[in-house]
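Student: Here it is: the structure, laid out below.
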Amino acid sequence: MNTTQQTLLPAYDHRPGTGPTLVFLHYWGGSARTWDLVVDRLAGRDVLTVDFRGWSRSSGMSGPYTLRRLADDTLAVLADAGVTDHVLVGHSMGGKVAQMVAASRPTGLRGIVLVGSGPAKPAAQITPEYQEVLSHAYDSDESVAGARDHILTATELPASFKAQIAADSRAAAGAARTEWPLRGIAEDITEHTRMVSVPALVVAGENDHVEPVDVLRDNLMPYLSQADFMVIPNTGHLIPLEAPADLADAITAFAPA
């Protein structure tokens with residue numbers, strides 16, 4: 001896998017293979033490696049994973065860290081990697097970024113897979129009080145562990161994955177860590193999502209407490225013109241880590257090589 005780090009671009013990994021290229025965008029607190037278990041099940045596929053601006057290997061990049069900036073970064077990474085024929089796969093915050101990228105109708109975009117995605121219209125639970133509490137979820141190792149074990153996941157993960165989640169959640173620029181809970185999560189992007197003109201697959205976790213099934217049905221699906229909906233049973237919000245095989249199968253069925 002080729003790893004590229006440009007001064008003006010987020011870090012990304014591009015594994016050449018059979019197209020269309022699957023472009024993976026991570027959640028708030030994640031990184032490119034959040035997708036490793038899924039990518040490992042996509043042998044032979046052309047795959048690109050990104051560390052968003054302000055996160056993991058891209059933590060030294062300056063802000064702003066807005067959804068719009070992350071979407072522009074994604075388009076710049078696609079251009080740098082020479083990717084034209086592609087499908088976006090976005091998880092949580094990355095799903096909201098994917099909607100904004102797709103709204104710009106980039107050449108060669110075939111579809112989008114939105115995994116436990118931030119919805120186009122913020123849910124009623126996203127109050128200023130909720131946002132303030134959420135903004136402190138990754139303040140310490142202890143707070144990260146609490147969020148990971150009691151909110152983000154609905155299944156028991158191996159210790160190595162728990163450690164990875166903890167490390168990635170803390171490996172962010174301070175302003176990047178607070179941008180999503182204080183602003184991005186509450187941003188209404190319905191006008192953008194309505195502009196998505198490619199097929200979409202929305203994937204929900206049956207026991208997801210962050211982006212519940214009903215929220216994705218009510219606050220995301222109505223704004224997509226061509227969307228299928230599926231629920232992965234017995235999984236929480238961290239679907240790429242909790243149910244990687246089911247997710248890889250869903251992606252392959254949606255975007256075959």
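Letters A, B, ... mark the chains of the structure tokens in the order given; residue numbers begin at 1 per chain; ligand numbers begin at 1, in order shown.
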Using only C-alpha atoms, I'd like a table of the residues in segment 78-108 of chain A that come within 8 Å of segment 68-71 of chain A; for each, show the closest atom pair and its distance in Å rounded to one decimal, ordered by chain and ascending number, as a tab-separated table.
Tutor:
```
residue	atom	partner	partner_atom	distance
A:Val97	CA	A:Ala71	CA	5.5
A:Ala98	CA	A:Ala71	CA	7.1
A:Met100	CA	A:Ala71	CA	6.2
A:Val101	CA	A:Ala71	CA	5.3
```
Student: Please save N, CA and C atoms of the selected residues as a short mmCIF file (atom, residue, chain, number, x, y, z; two decimals), in the first residue's frame.
Tutor:
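Wrote selection20.cif, looks like this:
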```cif
data_model
loop_
_atom_site.label_atom_id
_atom_site.label_comp_id
_atom_site.auth_asym_id
_atom_site.auth_seq_id
_atom_site.Cartn_x
_atom_site.Cartn_y
_atom_site.Cartn_z
N VAL A 97 -19.45 14.34 5.52
CA VAL A 97 -18.49 14.88 4.55
C VAL A 97 -18.76 14.28 3.17
N ALA A 98 -19.02 12.97 3.12
CA ALA A 98 -19.28 12.31 1.84
C ALA A 98 -20.49 12.91 1.13
N MET A 100 -21.43 16.00 1.29
CA MET A 100 -21.02 17.29 0.74
C MET A 100 -20.13 17.11 -0.48
N VAL A 101 -19.25 16.11 -0.44
CA VAL A 101 -18.42 15.83 -1.62
C VAL A 101 -19.32 15.43 -2.79
#
```
Student: Taking the chain letters and numbering used in this document, name the residues of segment 65-239 of chain A that DSSP puts in strand (DSSP E), as an NGL selection string.
Tutor: :A and (86-91 or 109-115 or 200-205 or 227-232)
Student: Print the selection's residues with N, CA, C and O atoms to a file, as a CSV table (one decimal), in the first residue's frame.
Tutor:
```csv
chain,number,residue,atom,x,y,z
A,86,HIS,N,-14.9,6.2,-8.8
A,86,HIS,CA,-14.9,5.9,-7.4
A,86,HIS,C,-16.2,5.9,-6.7
A,86,HIS,O,-17.2,6.4,-7.3
A,87,VAL,N,-16.2,5.3,-5.5
A,87,VAL,CA,-17.4,5.3,-4.6
A,87,VAL,C,-16.9,5.8,-3.3
A,87,VAL,O,-15.9,5.4,-2.8
A,88,LEU,N,-17.7,6.7,-2.7
A,88,LEU,CA,-17.3,7.2,-1.4
A,88,LEU,C,-18.0,6.4,-0.3
A,88,LEU,O,-19.2,6.0,-0.4
A,89,VAL,N,-17.2,6.0,0.7
A,89,VAL,CA,-17.8,5.3,1.9
A,89,VAL,C,-17.4,6.1,3.1
A,89,VAL,O,-16.3,6.2,3.5
A,90,GLY,N,-18.5,6.7,3.7
A,90,GLY,CA,-18.3,7.6,4.8
A,90,GLY,C,-19.0,7.1,6.1
A,90,GLY,O,-20.1,6.7,6.0
A,91,HIS,N,-18.2,7.2,7.2
A,91,HIS,CA,-18.8,6.7,8.5
A,91,HIS,C,-19.0,7.9,9.4
A,91,HIS,O,-18.1,8.7,9.6
A,109,LEU,N,-17.7,9.9,-9.9
A,109,LEU,CA,-18.4,9.4,-8.7
A,109,LEU,C,-19.5,8.5,-9.1
A,109,LEU,O,-20.5,8.9,-9.8
A,110,ARG,N,-19.5,7.2,-8.6
A,110,ARG,CA,-20.5,6.3,-9.0
A,110,ARG,C,-21.6,6.1,-7.9
A,110,ARG,O,-22.7,5.7,-8.2
A,111,GLY,N,-21.2,6.4,-6.7
A,111,GLY,CA,-22.2,6.2,-5.6
A,111,GLY,C,-21.6,6.5,-4.3
A,111,GLY,O,-20.4,6.8,-4.2
A,112,ILE,N,-22.4,6.5,-3.2
A,112,ILE,CA,-22.0,6.7,-1.9
A,112,ILE,C,-22.6,5.7,-0.9
A,112,ILE,O,-23.7,5.3,-1.1
A,113,VAL,N,-21.8,5.3,0.0
A,113,VAL,CA,-22.2,4.4,1.1
A,113,VAL,C,-22.1,5.2,2.4
A,113,VAL,O,-21.0,5.6,2.8
A,114,LEU,N,-23.2,5.4,3.1
A,114,LEU,CA,-23.2,6.2,4.3
A,114,LEU,C,-23.4,5.2,5.5
A,114,LEU,O,-24.5,4.7,5.7
A,115,VAL,N,-22.4,5.1,6.3
A,115,VAL,CA,-22.4,4.1,7.4
A,115,VAL,C,-22.6,4.8,8.7
A,115,VAL,O,-21.7,5.6,9.2
A,200,ALA,N,-27.2,5.7,-3.6
A,200,ALA,CA,-26.7,5.7,-2.2
A,200,ALA,C,-27.1,4.5,-1.5
A,200,ALA,O,-28.2,3.9,-1.7
A,201,LEU,N,-26.3,4.0,-0.6
A,201,LEU,CA,-26.6,2.9,0.4
A,201,LEU,C,-26.4,3.5,1.8
A,201,LEU,O,-25.3,3.9,2.1
A,202,VAL,N,-27.5,3.5,2.6
A,202,VAL,CA,-27.4,3.9,4.0
A,202,VAL,C,-27.4,2.7,4.8
A,202,VAL,O,-28.3,1.8,4.8
A,203,VAL,N,-26.3,2.6,5.6
A,203,VAL,CA,-26.1,1.4,6.5
A,203,VAL,C,-26.3,1.8,8.0
A,203,VAL,O,-25.5,2.7,8.4
A,204,ALA,N,-27.2,1.2,8.7
A,204,ALA,CA,-27.4,1.5,10.1
A,204,ALA,C,-27.0,0.4,11.0
A,204,ALA,O,-27.2,-0.8,10.6
A,205,GLY,N,-26.6,0.7,12.2
A,205,GLY,CA,-26.4,-0.4,13.2
A,205,GLY,C,-27.6,-0.5,14.0
A,205,GLY,O,-28.2,0.4,14.5
A,227,ALA,N,-31.8,5.9,-2.9
A,227,ALA,CA,-31.1,5.3,-1.7
A,227,ALA,C,-31.8,4.1,-1.3
A,227,ALA,O,-33.0,3.9,-1.2
A,228,ASP,N,-30.9,3.1,-0.9
A,228,ASP,CA,-31.4,1.8,-0.3
A,228,ASP,C,-30.9,1.9,1.2
A,228,ASP,O,-30.0,2.6,1.5
A,229,PHE,N,-31.7,1.2,2.0
A,229,PHE,CA,-31.4,1.2,3.5
A,229,PHE,C,-31.2,-0.2,4.0
A,229,PHE,O,-32.0,-1.1,3.6
A,230,MET,N,-30.2,-0.4,4.8
A,230,MET,CA,-30.0,-1.7,5.4
A,230,MET,C,-29.6,-1.5,6.9
A,230,MET,O,-28.9,-0.5,7.2
A,231,VAL,N,-30.0,-2.5,7.7
A,231,VAL,CA,-29.7,-2.5,9.1
A,231,VAL,C,-28.8,-3.7,9.4
A,231,VAL,O,-29.2,-4.8,9.1
A,232,ILE,N,-27.6,-3.5,10.0
A,232,ILE,CA,-26.8,-4.6,10.4
A,232,ILE,C,-27.1,-4.9,11.8
A,232,ILE,O,-27.1,-4.1,12.7
```
Student: Fewer than 4 positions away in the same chain doesn't count, so skip those; otherwise give me all residues within 10 Å of segment 118-129 of chain A, counting only C-alpha atoms, as a ChimeraX atom specification.
Tutor: /A:27,90-100,114,133-134,181-194,210-212,214-224
Student: Could the residues in this selection be written to a file with N, CA and C atoms, as a compact mmCIF listing (two decimals), in the first residue's frame?
Tutor:
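Result file result.txt:
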```txt
# COMPACT_ATOMS: atom_id res chain seq x y z
N TYR A 27 -14.81 8.41 11.00
CA TYR A 27 -15.69 9.09 11.97
C TYR A 27 -14.91 10.07 12.84
N GLY A 90 -18.47 6.74 3.69
CA GLY A 90 -18.27 7.63 4.82
C GLY A 90 -18.96 7.15 6.08
N HIS A 91 -18.24 7.20 7.20
CA HIS A 91 -18.77 6.73 8.48
C HIS A 91 -19.00 7.91 9.41
N SER A 92 -20.21 8.07 9.93
CA SER A 92 -20.53 9.09 10.92
C SER A 92 -20.19 10.48 10.39
N MET A 93 -19.25 11.20 11.00
CA MET A 93 -18.83 12.49 10.47
C MET A 93 -18.38 12.35 9.03
N GLY A 94 -17.66 11.27 8.72
CA GLY A 94 -17.21 11.03 7.35
C GLY A 94 -18.36 10.86 6.38
N GLY A 95 -19.51 10.37 6.87
CA GLY A 95 -20.68 10.26 6.03
C GLY A 95 -21.25 11.61 5.67
N LYS A 96 -21.20 12.52 6.62
CA LYS A 96 -21.69 13.88 6.35
C LYS A 96 -20.76 14.58 5.36
N VAL A 97 -19.45 14.34 5.52
CA VAL A 97 -18.49 14.88 4.55
C VAL A 97 -18.76 14.28 3.17
N ALA A 98 -19.02 12.97 3.12
CA ALA A 98 -19.28 12.31 1.84
C ALA A 98 -20.49 12.91 1.13
N GLN A 99 -21.52 13.27 1.89
CA GLN A 99 -22.68 13.91 1.29
C GLN A 99 -22.30 15.24 0.63
N MET A 100 -21.43 16.00 1.29
CA MET A 100 -21.02 17.29 0.74
C MET A 100 -20.13 17.11 -0.48
N LEU A 114 -23.17 5.35 3.09
CA LEU A 114 -23.21 6.16 4.30
C LEU A 114 -23.43 5.24 5.49
N VAL A 133 -21.66 18.71 26.11
CA VAL A 133 -21.22 17.47 26.76
C VAL A 133 -20.38 16.64 25.80
N LEU A 134 -20.85 16.52 24.55
CA LEU A 134 -20.14 15.72 23.56
C LEU A 134 -18.74 16.27 23.29
N PRO A 181 -18.43 18.31 17.37
CA PRO A 181 -19.52 18.40 18.34
C PRO A 181 -20.10 19.80 18.50
N LEU A 182 -19.28 20.82 18.37
CA LEU A 182 -19.78 22.17 18.60
C LEU A 182 -20.41 22.81 17.37
N ARG A 183 -20.05 22.31 16.16
CA ARG A 183 -20.59 22.93 14.95
C ARG A 183 -21.05 21.92 13.90
N GLY A 184 -20.17 21.04 13.48
CA GLY A 184 -20.48 20.17 12.35
C GLY A 184 -21.69 19.28 12.57
N ILE A 185 -21.82 18.74 13.77
CA ILE A 185 -22.92 17.83 14.05
C ILE A 185 -24.27 18.52 13.95
N ALA A 186 -24.30 19.83 14.19
CA ALA A 186 -25.55 20.59 14.18
C ALA A 186 -25.80 21.30 12.84
N GLU A 187 -24.90 21.12 11.89
CA GLU A 187 -25.04 21.80 10.60
C GLU A 187 -26.08 21.09 9.74
N ASP A 188 -27.04 21.85 9.25
CA ASP A 188 -28.08 21.32 8.37
C ASP A 188 -27.54 21.37 6.93
N ILE A 189 -27.35 20.18 6.33
CA ILE A 189 -26.81 20.13 4.97
C ILE A 189 -27.84 19.56 4.00
N THR A 190 -29.11 19.70 4.33
CA THR A 190 -30.15 19.12 3.47
C THR A 190 -30.08 19.65 2.04
N GLU A 191 -29.74 20.92 1.88
CA GLU A 191 -29.63 21.48 0.53
C GLU A 191 -28.54 20.78 -0.27
N HIS A 192 -27.46 20.41 0.39
CA HIS A 192 -26.38 19.68 -0.28
C HIS A 192 -26.81 18.25 -0.59
N THR A 193 -27.38 17.58 0.41
CA THR A 193 -27.74 16.17 0.23
C THR A 193 -28.76 16.01 -0.89
N ARG A 194 -29.66 16.95 -1.04
CA ARG A 194 -30.64 16.89 -2.13
C ARG A 194 -29.97 16.96 -3.50
N VAL A 210 -25.70 6.49 18.68
CA VAL A 210 -25.21 7.78 18.21
C VAL A 210 -26.05 8.27 17.03
N GLU A 211 -26.21 7.42 16.02
CA GLU A 211 -27.07 7.72 14.87
C GLU A 211 -28.06 6.56 14.75
N PRO A 212 -29.12 6.58 15.55
CA PRO A 212 -30.06 5.46 15.59
C PRO A 212 -30.75 5.23 14.25
N ASP A 214 -33.87 5.01 13.46
CA ASP A 214 -34.98 5.90 13.12
C ASP A 214 -34.51 7.28 12.69
N VAL A 215 -33.39 7.74 13.24
CA VAL A 215 -32.86 9.04 12.83
C VAL A 215 -32.39 8.98 11.38
N LEU A 216 -31.71 7.91 11.00
CA LEU A 216 -31.25 7.79 9.63
C LEU A 216 -32.42 7.65 8.66
N ARG A 217 -33.46 6.95 9.08
CA ARG A 217 -34.65 6.83 8.23
C ARG A 217 -35.35 8.17 8.04
N ASP A 218 -35.43 8.96 9.12
CA ASP A 218 -36.22 10.18 9.10
C ASP A 218 -35.44 11.42 8.67
N ASN A 219 -34.14 11.45 8.99
CA ASN A 219 -33.36 12.68 8.80
C ASN A 219 -32.32 12.59 7.71
N LEU A 220 -32.21 11.42 7.07
CA LEU A 220 -31.25 11.26 5.97
C LEU A 220 -31.92 10.71 4.71
N MET A 221 -32.60 9.61 4.82
CA MET A 221 -33.20 8.96 3.65
C MET A 221 -34.09 9.89 2.81
N PRO A 222 -34.93 10.74 3.42
CA PRO A 222 -35.82 11.58 2.60
C PRO A 222 -35.10 12.57 1.70
N TYR A 223 -33.82 12.83 1.98
CA TYR A 223 -33.09 13.85 1.22
C TYR A 223 -32.20 13.24 0.13
N LEU A 224 -32.21 11.91 0.02
CA LEU A 224 -31.45 11.21 -1.01
C LEU A 224 -32.42 10.70 -2.07
```
Student: Give me every helix (DSSP H, G or I) residue in segment 99-138 of chain A, going by DSSP on the backbone, as a list in words.
Tutor: Gln99, Met100, Val101, Ala102, Ala103, Pro128, Glu129, Tyr130, Gln131, Glu132, Val133 and Leu134 of chain A
Student: Give me the residues of segment 25-114 of chain A that have any atom at most 12 Å from an atom of segment 158-163 of chain A; for each, the nearest atom pair and the distance in Å, rounded to one decimal. Use only C-alpha atoms, sort by chain and number, and format it as CSV.
Tutor:
```
residue,atom,partner,partner_atom,distance
A:Gly30,CA,A:Phe161,CA,11.6
A:Arg33,CA,A:Phe161,CA,10.5
A:Thr34,CA,A:Phe161,CA,9.2
A:Trp35,CA,A:Phe161,CA,11.6
A:Asp36,CA,A:Phe161,CA,10.8
A:Leu37,CA,A:Phe161,CA,10.3
```
Student: Could you state the separation of atom CA of Leu78 of chain A and atom CA of Glu242 of chain A in Å, given to one decimal place?
Tutor: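 Interatomic distance, atom CA of Leu78 of chain A to atom CA of Glu242 of chain A: 27.7 Å.
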Student: With 8 Å as the cut-off and only C-alpha atoms counted, what is the closest atom pair between each nearby residue of segment 101-209 of chain A and segment 42-56 of chain A? Distances in Å to one decimal, ordered by chain and number, as a tab-separated table.
Tutor:
```
residue	atom	partner	partner_atom	distance
A:Asp168	CA	A:Ser56	CA	6.4
A:Ala171	CA	A:Ser56	CA	5.2
A:Ala172	CA	A:Trp55	CA	4.5
A:Ala173	CA	A:Gly54	CA	5.1
A:Ala175	CA	A:Gly54	CA	7.9
A:Ala176	CA	A:Gly54	CA	5.3
A:Arg177	CA	A:Gly54	CA	7.9
```
Student: Quick one: write out the picked residues with all heavy atoms as an mmCIF file, in the first residue's frame?
Tutor:
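Listing of selection_37.cif after writing:
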```cif
data_model
loop_
_atom_site.group_PDB
_atom_site.id
_atom_site.type_symbol
_atom_site.label_atom_id
_atom_site.label_comp_id
_atom_site.auth_asym_id
_atom_site.auth_seq_id
_atom_site.Cartn_x
_atom_site.Cartn_y
_atom_site.Cartn_z
ATOM 1 N N ASP A 168 -6.625 6.794 18.743
ATOM 2 C CA ASP A 168 -7.086 7.650 17.645
ATOM 3 C C ASP A 168 -7.953 8.800 18.158
ATOM 4 O O ASP A 168 -7.893 9.920 17.631
ATOM 5 C CB ASP A 168 -7.875 6.820 16.622
ATOM 6 C CG ASP A 168 -6.985 5.952 15.755
ATOM 7 O OD1 ASP A 168 -5.750 6.124 15.806
ATOM 8 O OD2 ASP A 168 -7.521 5.095 15.023
ATOM 9 N N ALA A 171 -5.682 11.468 19.325
ATOM 10 C CA ALA A 171 -4.653 11.935 18.394
ATOM 11 C C ALA A 171 -5.220 12.971 17.435
ATOM 12 O O ALA A 171 -5.296 12.761 16.227
ATOM 13 C CB ALA A 171 -4.078 10.751 17.617
ATOM 14 N N ALA A 172 -5.627 14.086 17.978
ATOM 15 C CA ALA A 172 -6.229 15.129 17.149
ATOM 16 C C ALA A 172 -5.809 16.501 17.631
ATOM 17 O O ALA A 172 -5.502 16.698 18.817
ATOM 18 C CB ALA A 172 -7.754 15.019 17.193
ATOM 19 N N ALA A 173 -5.795 17.454 16.719
ATOM 20 C CA ALA A 173 -5.618 18.851 17.103
ATOM 21 C C ALA A 173 -6.828 19.252 17.947
ATOM 22 O O ALA A 173 -7.954 18.808 17.686
ATOM 23 C CB ALA A 173 -5.521 19.727 15.861
ATOM 24 N N ALA A 175 -8.630 21.932 18.150
ATOM 25 C CA ALA A 175 -9.738 22.559 17.426
ATOM 26 C C ALA A 175 -10.467 21.572 16.527
ATOM 27 O O ALA A 175 -11.673 21.706 16.288
ATOM 28 C CB ALA A 175 -9.220 23.736 16.599
ATOM 29 N N ALA A 176 -9.751 20.558 16.034
ATOM 30 C CA ALA A 176 -10.401 19.531 15.221
ATOM 31 C C ALA A 176 -11.305 18.666 16.096
ATOM 32 O O ALA A 176 -12.379 18.241 15.667
ATOM 33 C CB ALA A 176 -9.353 18.666 14.528
ATOM 34 N N ARG A 177 -10.875 18.420 17.324
ATOM 35 C CA ARG A 177 -11.643 17.569 18.225
ATOM 36 C C ARG A 177 -12.964 18.221 18.627
ATOM 37 O O ARG A 177 -13.950 17.527 18.878
ATOM 38 C CB ARG A 177 -10.807 17.241 19.464
ATOM 39 C CG ARG A 177 -11.366 16.095 20.288
ATOM 40 C CD ARG A 177 -10.332 15.472 21.206
ATOM 41 N NE ARG A 177 -9.822 16.405 22.189
ATOM 42 C CZ ARG A 177 -8.528 16.662 22.400
ATOM 43 N NH1 ARG A 177 -7.606 16.068 21.675
ATOM 44 N NH2 ARG A 177 -8.143 17.514 23.327
#
```
Student: Could you give me, as an mmCIF file with C-alpha atoms, in the first residue's frame, the residues within 12 Å of Gly146 of chain A, counting only C-alpha atoms and dropping anything in the same chain fewer than 4 positions from it?
Tutor:
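As a result, around-v5.cif now contains:
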```cif
data_model
loop_
_atom_site.group_PDB
_atom_site.id
_atom_site.type_symbol
_atom_site.label_atom_id
_atom_site.label_comp_id
_atom_site.auth_asym_id
_atom_site.auth_seq_id
_atom_site.Cartn_x
_atom_site.Cartn_y
_atom_site.Cartn_z
ATOM 1 C CA LEU A 134 -20.136 15.725 23.561
ATOM 2 C CA HIS A 136 -15.630 16.783 26.181
ATOM 3 C CA ALA A 137 -15.981 13.084 25.254
ATOM 4 C CA TYR A 138 -12.331 12.825 24.220
ATOM 5 C CA ASP A 139 -10.803 15.092 26.856
ATOM 6 C CA SER A 140 -9.014 12.259 28.711
ATOM 7 C CA ASP A 141 -8.199 8.582 28.427
ATOM 8 C CA GLU A 142 -10.950 7.911 30.951
ATOM 9 C CA HIS A 150 -20.975 2.704 26.775
ATOM 10 C CA ILE A 151 -21.975 4.841 23.767
ATOM 11 C CA LEU A 152 -19.998 4.015 20.632
ATOM 12 C CA THR A 153 -20.112 0.222 20.742
ATOM 13 C CA LYS A 162 -10.062 -0.805 22.201
ATOM 14 C CA ILE A 165 -9.917 3.583 19.390
ATOM 15 C CA ALA A 166 -8.507 5.230 22.503
ATOM 16 C CA SER A 169 -9.659 9.571 19.693
#
```
Student: Can you measure atom CA of Glu206 of chain A to atom CA of Gln131 of chain A for me? One decimal in Å is fine.
Tutor: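 According to the coordinates, atom CA of Glu206 of chain A and atom CA of Gln131 of chain A are separated by 23.4 Å.
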Student: One decimal, in Å: what's the spacing between atom CA of Ala248 of chain A and atom CA of Val39 of chain A?
Tutor: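 Between these atoms lies a distance of 7.6 Å.
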